[in-house]
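Q: Would you mind keeping the following structure in view while I ask a few things?
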Amino acid sequence: MNQRMTIFTGAILAGIIFVGLMSAVLPEGFFADFLLDRNSRSLPYPVTVQNIMWIVFFIGAGELVVRYIQTNKEILQIHKNLLPEDDTTLLRKQDLGSLYKRVKGTMAEEPCFMQRLLSRCILQFQVSGAIDKANSMFNSSLELFQHEIELKYNALRYIVWLIPTLGFIGTVVGIALALSDAGSAQNYQDPALLKQLTQSLGVAFYTTLLALLQSAVLMFALHVVQGMEEASLNKVGQYCLDNLINRLYET
């Protein structure tokens, strides 16, 4: 939890720093309007829709970093050699006491899939002495872990949805301001008015375009990282199946 809060805070700061640097580098021009809405008339700069979107984007990126770190942590558990990996060892009920203590000893403040899966299966076999019940516990735990992974990405999916929504809001506000200017004009045939109106409408649509690009990047990264985390769970399941479930021996 402390690591998550640290990354969350760092993501917000990174977003603010990014906006500040871009504001200094891009004081005017197309990219300043597209990326930052530098000459915004709807909100006082730097509190613009684009800048808010950038901060939300960095928060989403920080959430992806949290999931990526956890995925690597899950994969590392396989290399701790918690189970016998030779071709001859069988595990009887009386052999599992020391193995259970070893597994519990490696549990961190936030236990990984490996330790949770092993401890459940070992306890089930020690209580029942039946391989089929241990195997049933193994399958049920994997299903619960898969659902747990899905739930961990809910906040990130909301962020991916939120960014385009902010973009649409910015576009609607920009169009409303442009139409308001047109409605208060004295001469509708004035070329300057038409130029200002088209420029305002163009800037209004930049927010939606930027939002869609940011959302596409986050969605791609989400699928990649979630796929990696699900693959790590599969590797943990295969390791436990090969080196625990298939080695259990009923005496």
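To be explicit about the labels: the chains of the structure tokens are called A, B, and onward in the order shown, and within each one the residues are counted from 1, while ligands get numbers from 1 in the order they are shown.
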Check the DSSP output for the backbone and give back, as JSON, numbers by chain, the residues of stretch 8-86 of chain A in alpha helix (DSSP H).
A: {"A": [8, 9, 10, 11, 12, 13, 14, 15, 16, 17, 18, 19, 20, 21, 22, 23, 24, 25, 30, 31, 32, 33, 34, 35, 36, 49, 50, 51, 52, 53, 54, 55, 56, 57, 58, 59, 60, 61, 62, 63, 64, 65, 66, 67, 68, 69, 70, 71, 72, 73, 74, 75, 76, 77]}
Q: Please produce a file of those selected residues containing N, CA and C atoms, as a short mmCIF file (atom, residue, chain, number, x, y, z; two decimals), in the first residue's frame.
A:
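Contents of selection-v9.cif, as written:
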data_model
loop_
_atom_site.label_atom_id
_atom_site.label_comp_id
_atom_site.auth_asym_id
_atom_site.auth_seq_id
_atom_site.Cartn_x
_atom_site.Cartn_y
_atom_site.Cartn_z
N PHE A 8 1.49 6.65 -6.83
CA PHE A 8 0.35 7.52 -7.14
C PHE A 8 0.73 8.99 -6.99
N THR A 9 1.41 9.31 -5.90
CA THR A 9 1.85 10.69 -5.69
C THR A 9 2.88 11.11 -6.74
N GLY A 10 3.80 10.19 -7.04
CA GLY A 10 4.79 10.48 -8.07
C GLY A 10 4.17 10.70 -9.43
N ALA A 11 3.09 9.95 -9.74
CA ALA A 11 2.41 10.11 -11.04
C ALA A 11 1.78 11.49 -11.15
N ILE A 12 1.15 11.96 -10.07
CA ILE A 12 0.55 13.30 -10.09
C ILE A 12 1.63 14.37 -10.27
N LEU A 13 2.73 14.22 -9.53
CA LEU A 13 3.82 15.19 -9.66
C LEU A 13 4.41 15.15 -11.07
N ALA A 14 4.56 13.94 -11.63
CA ALA A 14 5.09 13.83 -12.99
C ALA A 14 4.17 14.51 -13.99
N GLY A 15 2.86 14.38 -13.81
CA GLY A 15 1.91 15.06 -14.69
C GLY A 15 2.02 16.57 -14.59
N ILE A 16 2.15 17.08 -13.36
CA ILE A 16 2.28 18.53 -13.17
C ILE A 16 3.59 19.04 -13.78
N ILE A 17 4.67 18.29 -13.56
CA ILE A 17 5.97 18.69 -14.13
C ILE A 17 5.93 18.66 -15.65
N PHE A 18 5.28 17.63 -16.21
CA PHE A 18 5.17 17.53 -17.67
C PHE A 18 4.42 18.74 -18.24
N VAL A 19 3.32 19.10 -17.60
CA VAL A 19 2.55 20.26 -18.07
C VAL A 19 3.38 21.53 -17.95
N GLY A 20 4.13 21.66 -16.85
CA GLY A 20 4.96 22.85 -16.68
C GLY A 20 6.05 22.95 -17.73
N LEU A 21 6.70 21.83 -18.03
CA LEU A 21 7.76 21.84 -19.04
C LEU A 21 7.20 22.14 -20.42
N MET A 22 6.06 21.50 -20.75
CA MET A 22 5.46 21.74 -22.06
C MET A 22 4.98 23.19 -22.18
N SER A 23 4.53 23.76 -21.08
CA SER A 23 4.10 25.16 -21.12
C SER A 23 5.27 26.09 -21.41
N ALA A 24 6.44 25.73 -20.86
CA ALA A 24 7.62 26.56 -21.10
C ALA A 24 8.16 26.38 -22.51
N VAL A 25 8.08 25.17 -23.04
CA VAL A 25 8.64 24.88 -24.36
C VAL A 25 7.69 25.32 -25.47
N PHE A 30 0.49 25.59 -32.90
CA PHE A 30 -0.42 24.46 -33.03
C PHE A 30 -0.28 23.48 -31.88
N PHE A 31 0.96 23.07 -31.58
CA PHE A 31 1.16 22.05 -30.54
C PHE A 31 0.77 22.57 -29.17
N ALA A 32 0.96 23.87 -28.94
CA ALA A 32 0.53 24.44 -27.65
C ALA A 32 -0.98 24.36 -27.51
N ASP A 33 -1.71 24.63 -28.60
CA ASP A 33 -3.17 24.53 -28.55
C ASP A 33 -3.63 23.08 -28.47
N PHE A 34 -2.95 22.22 -29.24
CA PHE A 34 -3.37 20.82 -29.30
C PHE A 34 -3.10 20.08 -27.99
N LEU A 35 -1.91 20.26 -27.44
CA LEU A 35 -1.51 19.50 -26.26
C LEU A 35 -1.95 20.13 -24.95
N LEU A 36 -2.03 21.45 -24.91
CA LEU A 36 -2.24 22.14 -23.63
C LEU A 36 -3.43 23.09 -23.62
N VAL A 49 -8.71 21.80 -19.73
CA VAL A 49 -9.14 20.41 -19.85
C VAL A 49 -7.98 19.52 -20.27
N GLN A 50 -7.16 19.99 -21.23
CA GLN A 50 -6.02 19.19 -21.69
C GLN A 50 -5.05 18.90 -20.54
N ASN A 51 -4.76 19.92 -19.74
CA ASN A 51 -3.81 19.72 -18.64
C ASN A 51 -4.37 18.76 -17.59
N ILE A 52 -5.67 18.85 -17.33
CA ILE A 52 -6.29 17.89 -16.41
C ILE A 52 -6.20 16.48 -16.99
N MET A 53 -6.41 16.37 -18.30
CA MET A 53 -6.30 15.06 -18.96
C MET A 53 -4.90 14.50 -18.83
N TRP A 54 -3.88 15.35 -18.95
CA TRP A 54 -2.50 14.87 -18.81
C TRP A 54 -2.23 14.33 -17.41
N ILE A 55 -2.75 15.00 -16.40
CA ILE A 55 -2.54 14.52 -15.03
C ILE A 55 -3.25 13.18 -14.83
N VAL A 56 -4.48 13.06 -15.33
CA VAL A 56 -5.20 11.78 -15.24
C VAL A 56 -4.46 10.70 -16.02
N PHE A 57 -3.90 11.06 -17.17
CA PHE A 57 -3.12 10.11 -17.97
C PHE A 57 -1.94 9.58 -17.18
N PHE A 58 -1.21 10.45 -16.49
CA PHE A 58 -0.06 10.02 -15.70
C PHE A 58 -0.49 9.18 -14.50
N ILE A 59 -1.66 9.47 -13.94
CA ILE A 59 -2.17 8.62 -12.86
C ILE A 59 -2.42 7.20 -13.38
N GLY A 60 -3.01 7.10 -14.59
CA GLY A 60 -3.21 5.79 -15.20
C GLY A 60 -1.90 5.09 -15.46
N ALA A 61 -0.90 5.84 -15.93
CA ALA A 61 0.42 5.24 -16.16
C ALA A 61 1.03 4.75 -14.85
N GLY A 62 0.82 5.51 -13.77
CA GLY A 62 1.32 5.07 -12.46
C GLY A 62 0.66 3.78 -12.00
N GLU A 63 -0.64 3.66 -12.26
CA GLU A 63 -1.36 2.41 -11.92
C GLU A 63 -0.80 1.24 -12.70
N LEU A 64 -0.44 1.47 -13.95
CA LEU A 64 0.17 0.41 -14.76
C LEU A 64 1.53 0.00 -14.19
N VAL A 65 2.28 0.97 -13.70
CA VAL A 65 3.58 0.67 -13.08
C VAL A 65 3.39 -0.22 -11.86
N VAL A 66 2.36 0.08 -11.05
CA VAL A 66 2.07 -0.75 -9.87
C VAL A 66 1.79 -2.19 -10.28
N ARG A 67 0.95 -2.38 -11.31
CA ARG A 67 0.62 -3.72 -11.75
C ARG A 67 1.84 -4.43 -12.35
N TYR A 68 2.68 -3.69 -13.05
CA TYR A 68 3.88 -4.28 -13.65
C TYR A 68 4.85 -4.76 -12.57
N ILE A 69 5.03 -3.94 -11.53
CA ILE A 69 5.92 -4.34 -10.43
C ILE A 69 5.38 -5.59 -9.73
N GLN A 70 4.07 -5.64 -9.50
CA GLN A 70 3.47 -6.80 -8.87
C GLN A 70 3.61 -8.05 -9.74
N THR A 71 3.49 -7.88 -11.05
CA THR A 71 3.64 -9.01 -11.96
C THR A 71 5.04 -9.59 -11.87
N ASN A 72 6.06 -8.73 -11.87
CA ASN A 72 7.43 -9.22 -11.74
C ASN A 72 7.66 -9.90 -10.39
N LYS A 73 7.01 -9.37 -9.36
CA LYS A 73 7.12 -9.98 -8.04
C LYS A 73 6.52 -11.38 -8.03
N GLU A 74 5.40 -11.56 -8.73
CA GLU A 74 4.76 -12.88 -8.80
C GLU A 74 5.66 -13.88 -9.54
N ILE A 75 6.29 -13.43 -10.62
CA ILE A 75 7.14 -14.33 -11.41
C ILE A 75 8.36 -14.76 -10.61
N LEU A 76 8.90 -13.85 -9.79
CA LEU A 76 10.10 -14.17 -9.00
C LEU A 76 9.84 -15.27 -7.98
N GLN A 77 8.59 -15.44 -7.56
CA GLN A 77 8.29 -16.48 -6.56
C GLN A 77 8.60 -17.88 -7.09
#
Q: Rounded to one decimal in Å, what is the spacing between atom CA of A:Ser215 and atom CA of A:Leu162?
A: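 Between atom CA of A:Ser215 and atom CA of A:Leu162 the gap works out to 8.7 Å.
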Q: Excluding A:Leu144 and any residue of its chain fewer than 6 positions from it, enumerate the residues within 12 Å of it, using only C-alpha atoms, and give them as a PDB file with C-alpha atoms, in the first residue's frame.
A:
ATOM      1  CA  PHE A 113      -0.306 -16.030  -5.580  1.00  0.00           C
ATOM      2  CA  ARG A 116      -1.482 -18.356  -1.054  1.00  0.00           C
ATOM      3  CA  LEU A 117      -2.048 -21.227  -3.461  1.00  0.00           C
ATOM      4  CA  MET A 137      -8.939 -26.457  -3.808  1.00  0.00           C
ATOM      5  CA  PHE A 138      -6.217 -25.817  -6.395  1.00  0.00           C
ATOM      6  CA  GLU A 150      -9.797  -8.576 -13.211  1.00  0.00           C
ATOM      7  CA  LEU A 151     -10.914  -6.516 -10.208  1.00  0.00           C
ATOM      8  CA  LEU A 233      -0.635 -16.657 -12.657  1.00  0.00           C
TER       9      LEU A 233
END
Q: Could you pull the residues within 8 Å of A:Arg247, counting only C-alpha atoms, minus those fewer than 2 positions along the same chain, as an NGL selection string?
A: :A and (89-91 or 242-245 or 249)
